[in-house]
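A.B. asks: For reference, this is upload.pdb, and it has PDB, C-alpha atoms.
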MODEL        1
ATOM      1  CA  MET A  17      81.550  75.291  80.451  1.00  0.00           C
ATOM      2  CA  LYS A  18      78.249  73.432  80.862  1.00  0.00           C
ATOM      3  CA  GLY A  19      75.627  73.203  78.137  1.00  0.00           C
ATOM      4  CA  GLN A  20      74.956  75.948  75.655  1.00  0.00           C
ATOM      5  CA  LEU A  21      76.144  79.485  76.390  1.00  0.00           C
ATOM      6  CA  VAL A  22      74.213  82.326  74.789  1.00  0.00           C
ATOM      7  CA  LEU A  23      75.900  85.654  74.183  1.00  0.00           C
ATOM      8  CA  GLY A  24      73.797  88.699  73.308  1.00  0.00           C
ATOM      9  CA  ILE A  25      75.568  91.192  71.036  1.00  0.00           C
ATOM     10  CA  THR A  26      73.901  94.601  71.067  1.00  0.00           C
ATOM     11  CA  GLY A  27      74.682  98.156  70.020  1.00  0.00           C
ATOM     12  CA  GLY A  28      73.423 100.888  67.744  1.00  0.00           C
ATOM     13  CA  SER A  29      73.359 100.934  63.977  1.00  0.00           C
ATOM     14  CA  GLY A  30      76.875 101.257  62.558  1.00  0.00           C
ATOM     15  CA  SER A  31      78.588 100.227  65.815  1.00  0.00           C
ATOM     16  CA  GLY A  32      80.032  97.084  64.239  1.00  0.00           C
ATOM     17  CA  LYS A  33      77.983  94.266  65.795  1.00  0.00           C
ATOM     18  CA  SER A  34      78.263  92.239  62.563  1.00  0.00           C
ATOM     19  CA  GLN A  35      82.057  92.617  62.604  1.00  0.00           C
ATOM     20  CA  VAL A  36      82.167  91.298  66.188  1.00  0.00           C
ATOM     21  CA  CYS A  37      79.861  88.402  65.243  1.00  0.00           C
ATOM     22  CA  LYS A  38      82.089  87.465  62.273  1.00  0.00           C
ATOM     23  CA  LEU A  39      85.046  87.222  64.664  1.00  0.00           C
ATOM     24  CA  LEU A  40      82.999  85.107  67.092  1.00  0.00           C
ATOM     25  CA  ALA A  41      81.898  82.851  64.208  1.00  0.00           C
ATOM     26  CA  SER A  42      85.537  82.332  63.238  1.00  0.00           C
ATOM     27  CA  MET A  43      86.090  81.040  66.800  1.00  0.00           C
ATOM     28  CA  GLY A  44      83.256  78.533  66.505  1.00  0.00           C
ATOM     29  CA  ALA A  45      80.232  80.462  67.773  1.00  0.00           C
ATOM     30  CA  HIS A  46      76.916  79.996  65.988  1.00  0.00           C
ATOM     31  CA  ILE A  47      75.427  83.391  65.026  1.00  0.00           C
ATOM     32  CA  ILE A  48      71.730  84.235  65.058  1.00  0.00           C
ATOM     33  CA  ASP A  49      71.094  87.537  63.266  1.00  0.00           C
ATOM     34  CA  ALA A  50      67.926  89.236  64.571  1.00  0.00           C
ATOM     35  CA  ASP A  51      67.983  91.672  61.627  1.00  0.00           C
ATOM     36  CA  GLU A  52      67.999  88.810  59.132  1.00  0.00           C
ATOM     37  CA  ILE A  53      65.123  87.156  60.998  1.00  0.00           C
ATOM     38  CA  GLY A  54      63.320  90.512  60.998  1.00  0.00           C
ATOM     39  CA  HIS A  55      63.648  90.594  57.189  1.00  0.00           C
ATOM     40  CA  GLU A  56      62.202  87.090  56.934  1.00  0.00           C
ATOM     41  CA  VAL A  57      59.338  87.931  59.313  1.00  0.00           C
ATOM     42  CA  THR A  58      58.434  91.142  57.446  1.00  0.00           C
ATOM     43  CA  ALA A  59      58.294  89.204  54.160  1.00  0.00           C
ATOM     44  CA  ARG A  60      55.390  87.105  55.467  1.00  0.00           C
ATOM     45  CA  SER A  61      51.999  88.020  54.022  1.00  0.00           C
ATOM     46  CA  ASP A  62      50.267  88.243  57.426  1.00  0.00           C
ATOM     47  CA  VAL A  63      52.925  90.650  58.732  1.00  0.00           C
ATOM     48  CA  LEU A  64      52.908  92.699  55.508  1.00  0.00           C
ATOM     49  CA  ARG A  65      49.153  93.185  55.927  1.00  0.00           C
ATOM     50  CA  GLU A  66      49.625  94.449  59.499  1.00  0.00           C
ATOM     51  CA  ILE A  67      52.391  96.831  58.346  1.00  0.00           C
ATOM     52  CA  GLU A  68      50.228  98.148  55.497  1.00  0.00           C
ATOM     53  CA  VAL A  69      47.308  98.787  57.867  1.00  0.00           C
ATOM     54  CA  ALA A  70      49.622 100.625  60.310  1.00  0.00           C
ATOM     55  CA  PHE A  71      51.704 102.667  57.841  1.00  0.00           C
ATOM     56  CA  GLY A  72      49.744 102.860  54.580  1.00  0.00           C
ATOM     57  CA  SER A  73      50.201 101.389  51.101  1.00  0.00           C
ATOM     58  CA  GLU A  74      53.252 103.572  50.329  1.00  0.00           C
ATOM     59  CA  VAL A  75      55.441 101.196  52.389  1.00  0.00           C
ATOM     60  CA  ILE A  76      54.444  98.286  50.127  1.00  0.00           C
ATOM     61  CA  LYS A  77      55.967  97.965  46.639  1.00  0.00           C
ATOM     62  CA  GLU A  78      53.862  97.269  43.559  1.00  0.00           C
ATOM     63  CA  ASP A  79      54.984  93.636  43.593  1.00  0.00           C
ATOM     64  CA  GLY A  80      53.534  93.260  47.119  1.00  0.00           C
ATOM     65  CA  THR A  81      56.882  93.179  48.966  1.00  0.00           C
ATOM     66  CA  LEU A  82      57.956  95.570  51.707  1.00  0.00           C
ATOM     67  CA  ASN A  83      59.504  98.867  50.651  1.00  0.00           C
ATOM     68  CA  ARG A  84      62.171  98.889  53.360  1.00  0.00           C
ATOM     69  CA  LYS A  85      63.508 102.294  52.431  1.00  0.00           C
ATOM     70  CA  ALA A  86      60.067 103.934  52.670  1.00  0.00           C
ATOM     71  CA  LEU A  87      59.312 102.151  55.946  1.00  0.00           C
ATOM     72  CA  GLY A  88      62.754 103.116  57.315  1.00  0.00           C
ATOM     73  CA  GLU A  89      62.111 106.792  56.567  1.00  0.00           C
ATOM     74  CA  VAL A  90      58.865 106.602  58.549  1.00  0.00           C
ATOM     75  CA  VAL A  91      60.045 104.611  61.578  1.00  0.00           C
ATOM     76  CA  PHE A  92      63.460 106.195  62.010  1.00  0.00           C
ATOM     77  CA  SER A  93      61.998 109.699  62.137  1.00  0.00           C
ATOM     78  CA  SER A  94      59.209 108.925  64.637  1.00  0.00           C
ATOM     79  CA  LYS A  95      59.478 107.101  67.962  1.00  0.00           C
ATOM     80  CA  GLU A  96      55.734 106.293  67.887  1.00  0.00           C
ATOM     81  CA  ALA A  97      56.024 104.722  64.414  1.00  0.00           C
ATOM     82  CA  LEU A  98      59.044 102.663  65.523  1.00  0.00           C
ATOM     83  CA  GLU A  99      57.118 101.443  68.579  1.00  0.00           C
ATOM     84  CA  THR A 100      54.195 100.435  66.347  1.00  0.00           C
ATOM     85  CA  LEU A 101      56.511  98.439  64.067  1.00  0.00           C
ATOM     86  CA  ASN A 102      58.117  96.801  67.111  1.00  0.00           C
ATOM     87  CA  ILE A 103      54.690  95.744  68.449  1.00  0.00           C
ATOM     88  CA  ILE A 104      53.964  94.094  65.084  1.00  0.00           C
ATOM     89  CA  THR A 105      57.313  92.297  64.717  1.00  0.00           C
ATOM     90  CA  HIS A 106      59.055  91.686  68.072  1.00  0.00           C
ATOM     91  CA  LYS A 107      57.111  88.656  69.316  1.00  0.00           C
ATOM     92  CA  LYS A 108      57.420  86.930  65.941  1.00  0.00           C
ATOM     93  CA  ILE A 109      61.180  87.607  65.841  1.00  0.00           C
ATOM     94  CA  TYR A 110      61.586  86.384  69.447  1.00  0.00           C
ATOM     95  CA  ASP A 111      59.744  83.118  68.702  1.00  0.00           C
ATOM     96  CA  GLU A 112      61.951  82.439  65.660  1.00  0.00           C
ATOM     97  CA  ILE A 113      65.165  83.181  67.619  1.00  0.00           C
ATOM     98  CA  GLU A 114      64.036  80.855  70.403  1.00  0.00           C
ATOM     99  CA  LEU A 115      63.464  78.133  67.813  1.00  0.00           C
ATOM    100  CA  GLN A 116      66.898  78.694  66.211  1.00  0.00           C
ATOM    101  CA  LEU A 117      68.570  78.537  69.650  1.00  0.00           C
ATOM    102  CA  LYS A 118      67.070  75.076  70.201  1.00  0.00           C
ATOM    103  CA  GLU A 119      68.292  73.944  66.790  1.00  0.00           C
ATOM    104  CA  ALA A 120      71.803  75.445  67.026  1.00  0.00           C
ATOM    105  CA  GLY A 121      74.381  72.684  67.271  1.00  0.00           C
ATOM    106  CA  SER A 122      77.032  74.796  68.980  1.00  0.00           C
ATOM    107  CA  ASP A 123      78.127  75.261  72.597  1.00  0.00           C
ATOM    108  CA  ILE A 124      78.355  79.028  72.134  1.00  0.00           C
ATOM    109  CA  VAL A 125      75.644  80.982  70.334  1.00  0.00           C
ATOM    110  CA  ALA A 126      75.683  84.747  69.745  1.00  0.00           C
ATOM    111  CA  ILE A 127      72.458  86.675  69.113  1.00  0.00           C
ATOM    112  CA  ASP A 128      73.151  89.833  67.085  1.00  0.00           C
ATOM    113  CA  ALA A 129      70.341  92.263  68.001  1.00  0.00           C
ATOM    114  CA  ALA A 130      70.162  96.054  68.288  1.00  0.00           C
ATOM    115  CA  VAL A 131      67.031  95.804  70.453  1.00  0.00           C
ATOM    116  CA  LEU A 132      68.261  93.132  72.822  1.00  0.00           C
ATOM    117  CA  LYS A 133      68.114  94.954  76.154  1.00  0.00           C
ATOM    118  CA  GLN A 134      64.737  96.559  75.449  1.00  0.00           C
ATOM    119  CA  THR A 135      63.046  93.218  74.686  1.00  0.00           C
ATOM    120  CA  ARG A 136      62.650  89.723  76.127  1.00  0.00           C
ATOM    121  CA  LEU A 137      65.641  88.625  74.026  1.00  0.00           C
ATOM    122  CA  LYS A 138      67.932  89.558  76.931  1.00  0.00           C
ATOM    123  CA  ASP A 139      66.275  86.788  78.978  1.00  0.00           C
ATOM    124  CA  LEU A 140      67.632  84.208  76.513  1.00  0.00           C
ATOM    125  CA  CYS A 141      71.236  85.377  77.098  1.00  0.00           C
ATOM    126  CA  ASP A 142      73.811  84.273  79.669  1.00  0.00           C
ATOM    127  CA  PHE A 143      75.989  87.311  78.894  1.00  0.00           C
ATOM    128  CA  VAL A 144      75.349  90.593  77.099  1.00  0.00           C
ATOM    129  CA  VAL A 145      78.024  92.473  75.131  1.00  0.00           C
ATOM    130  CA  ALA A 146      77.508  96.078  74.012  1.00  0.00           C
ATOM    131  CA  VAL A 147      79.418  97.265  70.935  1.00  0.00           C
ATOM    132  CA  VAL A 148      79.936 101.037  70.900  1.00  0.00           C
ATOM    133  CA  ALA A 149      81.684 103.351  68.439  1.00  0.00           C
ATOM    134  CA  PRO A 150      82.311 107.076  67.863  1.00  0.00           C
ATOM    135  CA  ILE A 151      79.272 108.692  66.232  1.00  0.00           C
ATOM    136  CA  ASN A 152      81.168 110.020  63.185  1.00  0.00           C
ATOM    137  CA  GLN A 153      82.381 106.489  62.389  1.00  0.00           C
ATOM    138  CA  ARG A 154      78.874 105.104  62.839  1.00  0.00           C
ATOM    139  CA  VAL A 155      77.471 107.701  60.427  1.00  0.00           C
ATOM    140  CA  GLN A 156      80.123 106.832  57.805  1.00  0.00           C
ATOM    141  CA  ARG A 157      79.476 103.087  58.169  1.00  0.00           C
ATOM    142  CA  ILE A 158      75.686 103.496  57.805  1.00  0.00           C
ATOM    143  CA  MET A 159      76.037 105.839  54.797  1.00  0.00           C
ATOM    144  CA  GLN A 160      78.381 103.374  53.108  1.00  0.00           C
ATOM    145  CA  ARG A 161      76.454 100.212  53.985  1.00  0.00           C
ATOM    146  CA  ASP A 162      72.901 101.410  53.311  1.00  0.00           C
ATOM    147  CA  ALA A 163      73.545 104.153  50.709  1.00  0.00           C
ATOM    148  CA  LEU A 164      71.875 106.745  52.954  1.00  0.00           C
ATOM    149  CA  SER A 165      72.422 110.479  53.298  1.00  0.00           C
ATOM    150  CA  GLU A 166      74.208 111.804  56.384  1.00  0.00           C
ATOM    151  CA  GLN A 167      70.877 113.095  57.765  1.00  0.00           C
ATOM    152  CA  ARG A 168      69.132 109.728  57.312  1.00  0.00           C
ATOM    153  CA  ALA A 169      72.086 107.990  59.016  1.00  0.00           C
ATOM    154  CA  LEU A 170      71.824 110.440  61.928  1.00  0.00           C
ATOM    155  CA  ASP A 171      68.033 109.925  62.123  1.00  0.00           C
ATOM    156  CA  ARG A 172      68.649 106.212  62.463  1.00  0.00           C
ATOM    157  CA  ILE A 173      71.242 106.713  65.224  1.00  0.00           C
ATOM    158  CA  ASN A 174      69.019 109.215  67.059  1.00  0.00           C
ATOM    159  CA  SER A 175      66.059 106.803  66.998  1.00  0.00           C
ATOM    160  CA  GLN A 176      68.105 104.306  69.039  1.00  0.00           C
ATOM    161  CA  PRO A 177      69.447 104.374  72.611  1.00  0.00           C
ATOM    162  CA  THR A 178      72.761 106.160  73.223  1.00  0.00           C
ATOM    163  CA  ASP A 179      76.053 104.251  73.577  1.00  0.00           C
ATOM    164  CA  ALA A 180      75.903 104.943  77.326  1.00  0.00           C
ATOM    165  CA  GLN A 181      72.445 103.322  77.474  1.00  0.00           C
ATOM    166  CA  TYR A 182      73.640 100.311  75.470  1.00  0.00           C
ATOM    167  CA  ALA A 183      76.685  99.940  77.741  1.00  0.00           C
ATOM    168  CA  HIS A 184      74.733 100.285  81.001  1.00  0.00           C
ATOM    169  CA  GLY A 185      74.322  97.070  82.966  1.00  0.00           C
ATOM    170  CA  VAL A 186      75.920  94.723  80.421  1.00  0.00           C
ATOM    171  CA  ASP A 187      78.633  92.133  81.094  1.00  0.00           C
ATOM    172  CA  PHE A 188      81.167  93.401  78.535  1.00  0.00           C
ATOM    173  CA  VAL A 189      81.665  96.531  76.409  1.00  0.00           C
ATOM    174  CA  ILE A 190      83.607  96.581  73.146  1.00  0.00           C
ATOM    175  CA  LEU A 191      84.816  99.896  71.713  1.00  0.00           C
ATOM    176  CA  ASN A 192      84.949  99.520  67.931  1.00  0.00           C
ATOM    177  CA  ASN A 193      86.813 102.649  66.854  1.00  0.00           C
ATOM    178  CA  GLY A 194      88.327 101.216  63.681  1.00  0.00           C
ATOM    179  CA  ASN A 195      91.401  99.630  65.296  1.00  0.00           C
ATOM    180  CA  VAL A 196      91.039  96.048  64.002  1.00  0.00           C
ATOM    181  CA  GLU A 197      93.856  94.668  66.161  1.00  0.00           C
ATOM    182  CA  ASN A 198      92.290  95.989  69.386  1.00  0.00           C
ATOM    183  CA  LEU A 199      88.879  94.738  68.317  1.00  0.00           C
ATOM    184  CA  ASN A 200      90.223  91.231  67.640  1.00  0.00           C
ATOM    185  CA  ARG A 201      92.041  91.176  70.962  1.00  0.00           C
ATOM    186  CA  ARG A 202      88.947  92.281  72.908  1.00  0.00           C
ATOM    187  CA  VAL A 203      86.657  89.734  71.198  1.00  0.00           C
ATOM    188  CA  ILE A 204      89.151  86.891  71.870  1.00  0.00           C
ATOM    189  CA  GLU A 205      89.415  88.020  75.511  1.00  0.00           C
ATOM    190  CA  ILE A 206      85.612  87.940  75.939  1.00  0.00           C
ATOM    191  CA  PHE A 207      85.263  84.632  74.104  1.00  0.00           C
ATOM    192  CA  GLU A 208      87.880  82.983  76.320  1.00  0.00           C
ATOM    193  CA  THR A 209      86.328  84.441  79.487  1.00  0.00           C
ATOM    194  CA  ILE A 210      82.851  83.090  78.752  1.00  0.00           C
ATOM    195  CA  ARG A 211      84.180  79.767  77.451  1.00  0.00           C
ATOM    196  CA  ASP A 212      86.014  79.204  80.741  1.00  0.00           C
ATOM    197  CA  GLU A 213      82.923  79.974  82.873  1.00  0.00           C
TER     198      GLU A 213
ENDMDL
END
As a first step, turn the structure in this file into structure tokens.

C.D. replies:
Amino acid sequence: MKGQLVLGITGGSGSGKSQVCKLLASMGAHIIDADEIGHEVTARSDVLREIEVAFGSEVIKEDGTLNRKALGEVVFSSKEALETLNIITHKKIYDEIELQLKEAGSDIVAIDAAVLKQTRLKDLCDFVVAVVAPINQRVQRIMQRDALSEQRALDRINSQPTDAQYAHGVDFVILNNGNVENLNRRVIEIFETIRDE
């Protein structure tokens, strides 16, 4: 393996990308979480102003911070609203990820990002891995993780590409159907394959 290898981990909400990244981290990969960076970016005052102009004051809390739940209800029930949010945030998130890649002191870096294939983030990756999972399991995971109703969880899933779209044209696909042993085995297999490149 020469230089730094960048692995893009993508998949829909509730597919288990974070679980895969935890396993990769335990094998020595450095993880860059696009969601976490998105949270940091949307906490900036300049970005908050843009979001308020686009979506109205109801997505901003009284203390001036972002009301993520209110914004989520808007963007996950309208493709146009989601596109507007993406226009505001994507370039800023990309720039921060690029910076973190330069600073990462590891030979293997994994970028955890739901919108990897649809953005320039894919250009930063040597390999792309799609994590897919049965829809009923995804719904349960989202409801549990984010304290959302079944309908809100489904809205979130339906606002994203399908598993088939995530899996199309990637280097590896991981089925995360709740079998931890199989998941571990598949992640190790992928890790060893890319490490030996």

A.B. asks: Between A:Gly54, A:Gly88, A:Gly32, A:Gly24, which residue has the minimum interatomic distance to Arg161 in chain A, considering all atoms listed in the file?

C.D. replies: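 Closest to Arg161 in chain A, using all atoms listed in the file: A:Gly32.
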
A.B. asks: When you look at Ile47 in chain A with a cut-off of 8 Å (counting only C-alpha atoms), what residues show up, excluding the ones that are within fewer than 2 positions of it in the same chain? I need them as a list in words.

C.D. replies: Cys37, Ala41, Ala45, Asp49, Val125, Ala126, Ile127 and Asp128 of chain A

A.B. asks: Set the distance at 12 Å and use all atoms listed in the file: which residues neighbour Leu87 in chain A once local chain neighbours fewer than 3 positions away are removed? I'd like the list as a list in words.

C.D. replies: Thr58, Leu64, Ile67, Glu68, Ala70, Phe71, Gly72, Ser73, Glu74, Val75, Ile76, Lys77, Thr81, Leu82, Asn83, Arg84, Val90, Val91, Phe92, Ser93, Ser94, Ala97, Leu98, Thr100 and Leu101 of chain A

A.B. asks: Please, what distance in Å, to one decimal, runs between CA of Ser29 in chain A and CA of Asp51 in chain A?

C.D. replies: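 So the two atoms, CA of Ser29 in chain A and CA of Asp51 in chain A, lie 11.0 Å apart.
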
A.B. asks: Would you list the contacts of Gln181 in chain A as number ranges by chain, taking every protein, DNA or RNA residue within 12 Å and counting only C-alpha atoms, but skipping same-chain residues closer than 4 positions in sequence?

C.D. replies: A: 26-28, 130-134, 146-148, 176-177, 185-186, 189

A.B. asks: Excluding Leu170 in chain A and residues on its chain fewer than 2 positions from it, collect all residues at most 10 Å away from it, counting only C-alpha atoms, and give them as a list in words.

C.D. replies: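 That gives Ser29, Phe92, Ser93, Ile151, Asn152, Arg154, Val155, Gln156, Ile158, Met159, Leu164, Ser165, Glu166, Gln167, Arg168, Arg172, Ile173, Asn174 and Ser175 of chain A.
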
A.B. asks: Please report the interatomic distance between CA of Gly44 in chain A and CA of Asp187 in chain A in Å with one decimal.

C.D. replies: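 Atom-to-atom, CA of Gly44 in chain A and CA of Asp187 in chain A are spaced 20.5 Å apart.
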
A.B. asks: Using all atoms listed in the file, which residue out of A:Ile206, A:Leu21, A:Ala180, A:Ala149 lies closest to Asn192 in chain A?

C.D. replies: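 Among A:Ile206, A:Leu21, A:Ala180, A:Ala149, it is A:Ala149 that comes nearest to Asn192 in chain A.
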
A.B. asks: For the structure shown, which residues end up in the PyMOL selection byres ((chain A and resi 141) around 8)? Put them as a ChimeraX atom specification, please?

C.D. replies: /A:21-24,137-140,142-144

A.B. asks: Nearest residue to Arg60 in chain A out of A:Ile109, A:Val36, A:Ala183, A:Met43, using only C-alpha atoms?

C.D. replies: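 Of A:Ile109, A:Val36, A:Ala183, A:Met43, the one nearest Arg60 in chain A, counting only C-alpha atoms, is A:Ile109.
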
A.B. asks: Separation of CA of Asn200 in chain A and CA of Leu39 in chain A, in Å?

C.D. replies: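 Distance reported for this atom pair: 7.2 Å.
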
A.B. asks: Using 4 Å of padding on each side, determine the axis-aligned box around all atoms of range 186-199 of chain A present in the file and give its centre and edge lengths in Å to one decimal, as lines of an AutoDock Vina configuration file.

C.D. replies:
center_x = 84.9
center_y = 97.4
center_z = 72.4
size_x = 25.9
size_y = 18.5
size_z = 25.4

A.B. asks: When distances are computed from all atoms listed in the file, which of A:Ile124, A:Ser61, A:Ala86, A:Leu40 shows the smallest separation from Asp212 in chain A?

C.D. replies: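 Of the candidates, the smallest distance to Asp212 in chain A is held by A:Ile124.
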
A.B. asks: So, with all atoms listed in the file as the atoms that count, which of A:Glu89, A:Glu99, A:Glu112, A:Glu78 lies closest to Ile48 in chain A?

C.D. replies: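 Between A:Glu89, A:Glu99, A:Glu112, A:Glu78, the residue approaching Ile48 in chain A most closely is A:Glu112.
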
A.B. asks: Rank A:Ala129, A:Val69, A:Leu117, A:Val63 by their smallest atom-to-atom distance to Ile104 in chain A, using all atoms listed in the file, and report the top residue only.

C.D. replies: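 Ranking A:Ala129, A:Val69, A:Leu117, A:Val63 by distance to Ile104 in chain A, first place goes to A:Val63.
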